[in-house]
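Q: Sharing input-v4.cif here; it has mmCIF, C-alpha atoms and all ligand atoms.
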data_start
#
loop_
_atom_site.label_atom_id
_atom_site.label_comp_id
_atom_site.auth_asym_id
_atom_site.auth_seq_id
_atom_site.Cartn_x
_atom_site.Cartn_y
_atom_site.Cartn_z
CA MET R 953 0.00 0.00 0.00
CA LYS R 954 1.02 3.65 -0.35
CA ALA R 955 1.75 5.60 2.83
CA ILE R 956 3.22 9.00 3.64
CA LEU R 957 6.42 8.54 5.60
CA LEU R 958 8.38 10.93 7.77
CA GLU R 959 12.02 9.98 8.39
CA LYS R 960 12.81 13.07 10.45
CA ALA R 961 11.04 16.09 11.92
CA GLY R 962 11.09 19.33 9.94
CA GLY R 963 9.38 20.98 6.98
CA ALA R 964 6.52 19.45 4.99
CA GLU R 965 9.05 18.65 2.22
CA ASN R 966 10.27 15.82 4.50
CA PHE R 967 7.17 13.76 3.62
CA GLN R 968 7.73 10.92 1.15
CA ILE R 969 5.07 8.73 -0.45
CA LYS R 970 6.32 5.13 -0.51
CA GLU R 971 5.09 1.54 -0.83
CA VAL R 972 4.99 -0.22 2.56
CA GLU R 973 3.43 -3.41 3.97
CA LYS R 974 -0.27 -3.22 4.90
CA PRO R 975 -0.67 -3.11 8.71
CA GLN R 976 -1.58 -6.34 10.54
CA ILE R 977 -4.71 -5.94 12.68
CA LYS R 978 -4.98 -6.98 16.34
CA GLU R 979 -8.02 -8.91 17.57
CA ASN R 980 -9.86 -5.72 18.65
CA GLU R 981 -9.05 -3.81 15.44
CA VAL R 982 -10.50 -3.39 11.98
CA LEU R 983 -8.57 -2.68 8.79
CA VAL R 984 -9.94 0.43 7.09
CA ALA R 985 -9.39 1.23 3.40
CA THR R 986 -8.98 5.00 3.72
CA LYS R 987 -11.18 7.27 1.59
CA ALA R 988 -10.55 10.66 3.24
CA LEU R 989 -8.35 12.16 5.97
CA SER R 990 -8.51 15.42 7.84
CA ILE R 991 -5.57 17.62 8.80
CA ASN R 992 -5.19 19.38 12.15
CA PRO R 993 -2.67 21.79 13.65
CA ALA R 994 -1.55 18.75 15.72
CA ASP R 995 -0.37 17.13 12.47
CA PHE R 996 2.11 19.89 11.61
CA LYS R 997 3.12 20.44 15.26
CA VAL R 998 4.12 16.77 15.55
CA ARG R 999 5.83 16.89 12.12
CA MET R 1000 7.88 20.04 12.82
CA GLU R 1001 9.84 19.28 15.98
CA GLU R 1002 11.84 16.19 16.89
CA GLU R 1003 10.53 16.56 20.46
CA GLY R 1004 6.90 16.41 19.32
CA LEU R 1005 7.56 13.50 16.98
CA LYS R 1006 9.28 11.62 19.83
CA MET R 1007 6.31 12.17 22.16
CA PHE R 1008 4.06 10.29 19.73
CA PHE R 1009 6.44 7.89 17.99
CA GLY R 1010 9.41 7.42 20.35
CA THR R 1011 12.34 6.33 18.19
CA GLU R 1012 10.17 4.61 15.52
CA ARG R 1013 11.16 5.93 12.06
CA PRO R 1014 9.83 6.40 9.54
CA ALA R 1015 6.74 7.68 11.32
CA ILE R 1016 3.29 7.63 9.71
CA LEU R 1017 1.30 10.62 10.98
CA GLY R 1018 -2.45 11.22 10.88
CA TRP R 1019 -5.40 10.39 13.12
CA ASP R 1020 -8.63 11.50 11.40
CA LEU R 1021 -10.13 9.25 8.76
CA SER R 1022 -13.15 7.90 6.98
CA GLY R 1023 -13.20 4.74 4.89
CA GLU R 1024 -14.47 1.24 4.41
CA VAL R 1025 -13.83 -1.81 6.63
CA VAL R 1026 -12.00 -4.52 4.64
CA GLU R 1027 -11.03 -6.90 7.47
CA ILE R 1028 -12.08 -7.43 11.11
CA GLY R 1029 -10.21 -8.82 14.13
CA SER R 1030 -11.47 -11.93 15.95
CA GLN R 1031 -12.85 -9.93 18.92
CA VAL R 1032 -14.57 -7.20 16.91
CA ASN R 1033 -18.31 -6.97 17.66
CA ASN R 1034 -19.66 -3.81 16.13
CA PHE R 1035 -18.37 -3.77 12.55
CA GLN R 1036 -18.48 -5.94 9.45
CA VAL R 1037 -16.52 -5.98 6.22
CA GLY R 1038 -18.09 -3.36 3.95
CA ASP R 1039 -19.14 -0.93 6.71
CA LYS R 1040 -18.36 2.72 6.07
CA VAL R 1041 -16.69 4.15 9.19
CA PHE R 1042 -15.14 7.35 10.54
CA GLY R 1043 -13.15 8.29 13.61
CA MET R 1044 -10.07 9.65 15.32
CA VAL R 1045 -7.68 6.72 15.65
CA ASN R 1046 -5.33 6.35 18.64
CA PHE R 1047 -5.15 9.94 19.80
CA PRO R 1048 -3.02 10.75 21.68
CA GLY R 1049 -0.80 8.03 20.21
CA GLN R 1050 0.03 6.56 16.82
CA GLY R 1051 -2.91 6.87 14.41
CA LYS R 1052 -0.84 6.10 11.29
CA ALA R 1053 -3.72 7.34 9.17
CA TYR R 1054 -1.66 8.78 6.28
CA ALA R 1055 -1.96 5.47 4.46
CA GLU R 1056 -4.21 3.56 2.09
CA PHE R 1057 -5.01 1.06 4.88
CA VAL R 1058 -5.20 1.80 8.60
CA ALA R 1059 -5.49 -0.59 11.58
CA ALA R 1060 -8.02 1.03 13.93
CA PRO R 1061 -9.36 -0.14 17.32
CA GLU R 1062 -13.10 -0.68 16.94
CA ASN R 1063 -13.74 1.51 19.99
CA HIS R 1064 -12.34 4.58 18.20
CA LEU R 1065 -14.82 4.41 15.31
CA ALA R 1066 -18.48 4.85 14.45
CA LYS R 1067 -20.43 3.87 11.35
CA MET R 1068 -20.80 6.77 8.95
CA PRO R 1069 -24.21 8.40 8.64
CA GLU R 1070 -26.02 7.56 5.37
CA ASN R 1071 -26.38 11.26 4.55
CA THR R 1072 -22.68 12.13 4.86
CA SER R 1073 -19.85 12.04 2.30
CA PHE R 1074 -16.44 10.52 3.10
CA GLU R 1075 -14.98 14.05 3.09
CA ASP R 1076 -17.53 15.46 5.56
CA ALA R 1077 -17.21 12.39 7.79
CA ALA R 1078 -13.40 12.66 7.89
CA ALA R 1079 -13.81 16.33 8.83
CA THR R 1080 -16.02 15.45 11.81
CA THR R 1081 -13.35 13.78 13.93
CA LEU R 1082 -10.57 15.31 16.11
CA ALA R 1083 -11.84 18.91 15.92
CA ALA R 1084 -15.49 17.91 16.49
CA LEU R 1085 -14.60 15.47 19.31
CA THR R 1086 -12.64 18.24 21.05
CA ALA R 1087 -15.62 20.61 20.92
CA LEU R 1088 -18.06 17.90 22.03
CA GLN R 1089 -15.96 16.50 24.89
CA ILE R 1090 -15.41 19.96 26.38
CA LEU R 1091 -18.84 21.54 25.85
CA GLU R 1092 -20.93 18.55 26.97
CA SER R 1093 -19.35 18.63 30.42
CA LYS R 1094 -18.91 22.37 30.83
CA ILE R 1095 -21.98 24.28 29.65
CA LYS R 1096 -25.70 24.32 30.29
CA LYS R 1097 -28.74 25.89 28.66
CA GLY R 1098 -28.75 29.68 28.81
CA ASP R 1099 -25.00 30.07 29.52
CA ARG R 1100 -23.27 33.04 27.90
CA ILE R 1101 -20.18 31.57 26.32
CA LEU R 1102 -17.22 32.94 24.37
CA ILE R 1103 -15.67 30.74 21.67
CA HIS R 1104 -12.37 32.07 20.32
CA ALA R 1105 -11.46 31.50 16.64
CA GLY R 1106 -14.95 30.31 15.72
CA SER R 1107 -13.95 29.98 12.06
CA GLY R 1108 -11.28 27.32 12.71
CA GLY R 1109 -11.62 23.55 12.74
CA VAL R 1110 -12.54 23.30 16.42
CA GLY R 1111 -14.38 26.64 16.64
CA HIS R 1112 -16.85 26.00 13.83
CA PHE R 1113 -17.94 22.74 15.47
CA ALA R 1114 -17.98 24.34 18.93
CA ILE R 1115 -20.43 27.04 17.81
CA GLN R 1116 -22.88 24.48 16.41
CA ILE R 1117 -22.66 22.17 19.45
CA ALA R 1118 -22.97 25.05 21.93
CA LYS R 1119 -26.10 26.35 20.14
CA HIS R 1120 -27.54 22.84 20.21
CA LEU R 1121 -26.93 22.75 23.98
CA GLY R 1122 -28.85 26.04 24.34
CA ALA R 1123 -26.01 28.50 24.99
CA HIS R 1124 -25.80 32.16 23.95
CA VAL R 1125 -22.71 32.09 21.72
CA ILE R 1126 -20.28 34.97 21.25
CA THR R 1127 -17.39 34.22 18.93
CA THR R 1128 -14.28 35.84 17.46
CA SER R 1129 -12.61 35.84 14.03
CA SER R 1130 -11.52 38.44 11.52
CA ALA R 1131 -14.26 40.36 9.68
CA LYS R 1132 -14.06 38.22 6.53
CA ASN R 1133 -15.40 35.19 8.41
CA LYS R 1134 -18.23 36.96 10.28
CA GLU R 1135 -20.99 35.93 7.88
CA PHE R 1136 -19.89 32.27 8.03
CA LEU R 1137 -20.00 32.27 11.84
CA MET R 1138 -23.43 33.92 11.99
CA SER R 1139 -24.67 31.28 9.50
CA LEU R 1140 -23.53 28.57 11.94
CA GLY R 1141 -25.80 30.09 14.61
CA ALA R 1142 -23.50 32.45 16.54
CA ASP R 1143 -25.45 35.16 18.40
CA GLU R 1144 -22.68 37.76 18.49
CA HIS R 1145 -19.42 38.25 16.59
CA ILE R 1146 -16.30 40.19 17.53
CA ASP R 1147 -13.71 41.06 14.88
CA TYR R 1148 -10.56 40.60 16.95
CA ARG R 1149 -8.53 42.77 14.59
CA ASN R 1150 -10.67 45.84 15.25
CA GLN R 1151 -12.11 45.31 18.71
CA SER R 1152 -10.68 44.00 22.00
CA PHE R 1153 -13.17 41.43 23.28
CA GLU R 1154 -12.14 42.13 26.90
CA GLU R 1155 -13.31 45.75 26.52
CA VAL R 1156 -16.83 44.86 25.38
CA LEU R 1157 -17.68 41.61 27.18
CA THR R 1158 -18.58 40.89 30.82
CA ASP R 1159 -20.43 38.16 32.73
CA ILE R 1160 -19.31 35.23 30.59
CA ASP R 1161 -20.07 31.79 32.05
CA PHE R 1162 -17.59 29.85 29.95
CA VAL R 1163 -14.66 30.61 27.63
CA PHE R 1164 -13.47 28.08 25.05
CA ASP R 1165 -9.86 29.08 24.38
CA VAL R 1166 -8.01 27.73 21.35
CA LEU R 1167 -5.25 30.34 21.20
CA GLY R 1168 -3.50 30.65 24.58
CA GLY R 1169 -1.10 33.54 25.36
CA GLU R 1170 -2.57 37.04 25.51
CA VAL R 1171 -6.04 35.80 24.51
CA LEU R 1172 -6.07 33.36 27.44
CA MET R 1173 -4.92 36.04 29.92
CA ASN R 1174 -7.40 38.66 28.66
CA SER R 1175 -10.22 36.11 28.75
CA THR R 1176 -9.90 35.92 32.55
CA LYS R 1177 -11.24 39.52 32.66
CA VAL R 1178 -14.60 38.63 31.10
CA ILE R 1179 -15.52 35.47 33.06
CA LYS R 1180 -17.97 35.97 35.90
CA GLU R 1181 -17.46 34.57 39.40
CA GLY R 1182 -18.06 30.85 39.43
CA GLY R 1183 -17.43 30.58 35.67
CA ALA R 1184 -14.82 28.53 33.85
CA MET R 1185 -12.37 28.49 30.97
CA VAL R 1186 -10.88 25.52 29.15
CA SER R 1187 -7.85 25.94 26.90
CA ILE R 1188 -6.81 23.42 24.30
CA ALA R 1189 -3.73 25.39 23.27
CA ALA R 1190 -2.07 26.82 26.39
CA PRO R 1191 1.00 25.21 28.02
CA PRO R 1192 0.84 24.46 31.80
CA HIS R 1193 2.64 27.68 32.86
CA GLU R 1194 0.04 29.78 31.00
CA ILE R 1195 -2.85 27.87 32.60
CA GLU R 1196 -1.28 28.53 36.00
CA ALA R 1197 -0.82 32.25 35.26
CA ALA R 1198 -4.40 32.59 33.97
CA GLN R 1199 -5.76 30.82 37.05
CA LYS R 1200 -3.99 33.41 39.23
CA LEU R 1201 -5.53 36.28 37.25
CA ALA R 1202 -9.08 34.85 37.30
CA LYS R 1203 -11.85 35.98 39.67
CA LYS R 1204 -13.06 34.04 42.71
CA ASP R 1205 -14.26 30.48 42.02
CA VAL R 1206 -13.29 30.56 38.34
CA THR R 1207 -11.52 27.43 37.10
CA VAL R 1208 -9.01 27.50 34.25
CA SER R 1209 -8.06 24.10 32.92
CA PRO R 1210 -6.32 22.44 29.96
CA TYR R 1211 -7.87 19.67 27.86
CA LEU R 1212 -6.52 17.01 25.51
CA VAL R 1213 -8.98 15.21 23.22
CA GLN R 1214 -9.29 11.41 23.51
CA SER R 1215 -10.40 8.77 20.97
CA SER R 1216 -13.91 7.50 21.79
CA ASP R 1217 -16.52 5.43 19.96
CA LYS R 1218 -19.23 6.75 22.30
CA ASP R 1219 -18.46 10.34 21.30
CA MET R 1220 -18.09 9.39 17.62
CA ASN R 1221 -21.59 7.93 17.80
CA THR R 1222 -22.89 11.17 19.33
CA LEU R 1223 -21.33 13.05 16.38
CA LYS R 1224 -22.91 10.53 13.99
CA GLY R 1225 -26.33 11.35 15.48
CA MET R 1226 -25.66 15.07 15.16
CA LEU R 1227 -24.73 14.68 11.48
CA GLU R 1228 -27.84 12.57 10.83
CA SER R 1229 -30.17 15.08 12.47
CA GLY R 1230 -28.51 18.07 10.80
CA VAL R 1231 -27.36 19.58 14.13
CA LEU R 1232 -23.81 19.50 12.82
CA LYS R 1233 -22.66 20.64 9.39
CA PRO R 1234 -18.91 20.26 8.83
CA HIS R 1235 -17.36 22.94 6.64
CA VAL R 1236 -14.70 21.61 4.26
CA SER R 1237 -12.87 24.58 2.75
CA LYS R 1238 -10.14 22.75 0.79
CA ILE R 1239 -9.58 19.23 -0.54
CA PHE R 1240 -6.12 17.98 -1.59
CA PRO R 1241 -5.15 14.67 -3.24
CA PHE R 1242 -3.06 12.22 -1.14
CA ALA R 1243 0.09 13.08 -3.13
CA GLU R 1244 -0.25 16.73 -2.06
CA MET R 1245 -0.04 16.17 1.70
CA ALA R 1246 2.82 18.67 1.97
CA LYS R 1247 0.63 21.39 0.40
CA ALA R 1248 -2.19 20.57 2.81
CA HIS R 1249 0.20 20.93 5.76
CA ILE R 1250 1.51 24.28 4.51
CA GLU R 1251 -2.09 25.49 4.10
CA GLN R 1252 -3.01 24.37 7.65
CA GLU R 1253 0.10 26.07 9.02
CA SER R 1254 -1.10 29.42 7.65
CA GLY R 1255 -3.45 29.73 10.65
CA ARG R 1256 -6.17 31.04 8.30
CA THR R 1257 -8.04 27.76 7.71
CA VAL R 1258 -11.82 28.09 7.64
CA GLY R 1259 -13.40 24.86 8.91
CA LYS R 1260 -11.41 21.82 7.79
CA ILE R 1261 -8.79 20.80 5.21
CA ILE R 1262 -9.33 17.32 3.76
CA ILE R 1263 -7.17 14.83 1.88
CA LYS R 1264 -9.03 12.61 -0.58
CA LEU R 1265 -7.71 9.18 -1.51
N1 LIG Z 1301 -5.78 19.97 23.20
C1 LIG Z 1301 -6.51 19.39 22.25
O1 LIG Z 1301 -7.09 18.32 22.45
C2 LIG Z 1301 -6.66 20.06 20.92
C3 LIG Z 1301 -7.59 19.58 19.99
C4 LIG Z 1301 -7.78 20.27 18.79
C5 LIG Z 1301 -7.01 21.41 18.53
N2 LIG Z 1301 -6.09 21.83 19.44
C6 LIG Z 1301 -5.32 23.09 19.21
O2 LIG Z 1301 -6.26 24.15 19.14
C7 LIG Z 1301 -5.80 25.15 18.26
C8 LIG Z 1301 -6.89 25.48 17.25
O3 LIG Z 1301 -7.13 24.36 16.40
P1 LIG Z 1301 -8.01 24.50 15.09
O4 LIG Z 1301 -8.00 23.21 14.38
O5 LIG Z 1301 -9.32 25.12 15.42
O6 LIG Z 1301 -7.12 25.58 14.29
P2 LIG Z 1301 -7.34 26.24 12.85
O7 LIG Z 1301 -8.44 25.56 12.13
O8 LIG Z 1301 -6.01 26.34 12.20
O9 LIG Z 1301 -7.82 27.74 13.22
C9 LIG Z 1301 -7.77 28.69 12.21
C10 LIG Z 1301 -8.74 29.84 12.49
O10 LIG Z 1301 -8.30 30.59 13.62
C11 LIG Z 1301 -8.74 31.94 13.43
N3 LIG Z 1301 -7.87 32.80 14.23
C12 LIG Z 1301 -6.52 32.89 14.16
N4 LIG Z 1301 -6.07 33.79 15.07
C13 LIG Z 1301 -7.16 34.27 15.72
C14 LIG Z 1301 -7.35 35.21 16.80
N5 LIG Z 1301 -6.33 35.85 17.35
N6 LIG Z 1301 -8.62 35.42 17.25
C15 LIG Z 1301 -9.66 34.77 16.68
N7 LIG Z 1301 -9.54 33.90 15.65
C16 LIG Z 1301 -8.30 33.65 15.20
C17 LIG Z 1301 -8.60 32.18 11.95
O11 LIG Z 1301 -9.60 33.09 11.56
P3 LIG Z 1301 -9.17 34.48 10.83
O12 LIG Z 1301 -8.48 34.07 9.54
O13 LIG Z 1301 -10.47 35.16 10.65
O14 LIG Z 1301 -8.20 35.16 11.76
C18 LIG Z 1301 -8.86 30.78 11.33
O15 LIG Z 1301 -10.13 30.64 10.73
C19 LIG Z 1301 -4.49 24.60 17.66
O16 LIG Z 1301 -3.40 25.12 18.41
C20 LIG Z 1301 -4.59 23.11 17.88
O17 LIG Z 1301 -3.34 22.45 17.96
C21 LIG Z 1301 -5.89 21.18 20.62
#
Since I need it in another form, could you write the structure as structure tokens?
A:
Amino acid sequence: MKAILLEKAGGAENFQIKEVEKPQIKENEVLVATKALSINPADFKVRMEEEGLKMFFGTERPAILGWDLSGEVVEIGSQVNNFQVGDKVFGMVNFPGQGKAYAEFVAAPENHLAKMPENTSFEDAAATTLAALTALQILESKIKKGDRILIHAGSGGVGHFAIQIAKHLGAHVITTSSAKNKEFLMSLGADEHIDYRNQSFEEVLTDIDFVFDVLGGEVLMNSTKVIKEGGAMVSIAAPPHEIEAAQKLAKKDVTVSPYLVQSSDKDMNTLKGMLESGVLKPHVSKIFPFAEMAKAHIEQESGRTVGKIIIKL
């Protein structure tokens, strides 16, 4: 099979497409013939630095990156209960860990996958994985109906899912992006938009119950000013020292915590239901062929992605 290999950390030009052996499945795994993949900032962060690559792959080289996929089951392990050959599936495989999804065939634990909804394309299904799971896992446990919440970078992969899930859960959603993405965010259901390039959110917002931070740094620190007593903030991008500093700045009884998304069939099935009912509409802004993985990474690294970038096999 063809796979995209990374011999050493560095620029996207380090990727090489090569023929390798198909993976062997374990008893709890299925073999998926990949139809589409999605790219995340995690993909280029792991690719760029030897330290990041080591955290996920140890000394194993070449590494095969990638976690988000959709495809068709072509083989099942002896202990697999929920899938059959021919099923169309989607999921985030082995995150945090080795997904090895940049390949024509991927060995995936059955409890990281769900069956694809009938009404969803392979591209849209692949899009509704890591970014959507992150939004779901955080919002389900942190917000309730009527909460006033602030979602930073609503136009990104995570943000555009977070807006839709938060509206579904009954929140009043305020979100940030540059002006060019305002219309898109309002179409997803946002109640209020702040153009971060022309307005400081901390000067116009107060009494926020929950902040969903995807940026860290100054945005994380300034967000502490707008959260009301007893509120909370979760950051998916801030390192531990920033979380600690933000916690010190926050008002009484406000909690500031980090979060790292986890593979889960239960949550994938929740996303499946949301796609089926139309609660969730993934936005795919660009599709690249498998051979253009490097271009897809460079695009994702721009920090300007709207919704998701997809690789089609
Ligand atoms: N911990 C975890 O489990 C986890 C999970 C998923 C993602 N993450 C991390 O979360 C971060 C976001 O991921 P993502 O996939 O959503 O990224 P993304 O898709 O690359 O986000 C791009 C979007 O961010 C917007 N943006 C950039 N700077 C902004 C600012 N200062 N204020 C408001 N919007 C801004 C851009 O809109 P404009 O062009 O309009 O500026 C763009 O649409 C990444 O660092 C990623 O690694 C962590």
Q: Quick one: what's the axis-aligned box for ligand LIG 1301 (chain Z), all listed atoms, 4 Å on every side, centre and edges in Å to one decimal, as AutoDock Vina command-line options?
A:
--center_x -6.9 --center_y 27.1 --center_z 16.4 --size_x 15.1 --size_y 25.5 --size_z 21.7
Q: Using only C-alpha atoms and all ligand atoms, which of the listed residues (R:Asn992, R:Ser1073, R:Ser1139, R:Thr1176) sits closest to ligand LIG 1301 (chain Z)?
A: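 Checking each candidate against ligand LIG 1301 (chain Z), we get R:Asn992 as the closest.
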Q: Taking 5 positions as the minimum chain separation for residues in the same chain, which residues sit within 7 Å of Ala985 in chain R when counting all atoms listed in the file? Answer as a PyMOL selection string.
A: chain R and resi 1023-1026+1056-1058
Q: So what do you get for CA of Arg1100 in chain R versus CA of Val1208 in chain R, distance-wise?
A: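 Straight-line distance from CA of Arg1100 in chain R to CA of Val1208 in chain R works out to 16.6 Å.
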Q: Rank R:Lys997, R:Lys1238, R:Lys1119, R:Lys1180 by their smallest atom-to-atom distance to ligand LIG 1301 (chain Z), using only C-alpha atoms and all ligand atoms, and report the top residue only.
A: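 So, comparing all the options, the nearest one is R:Lys997.
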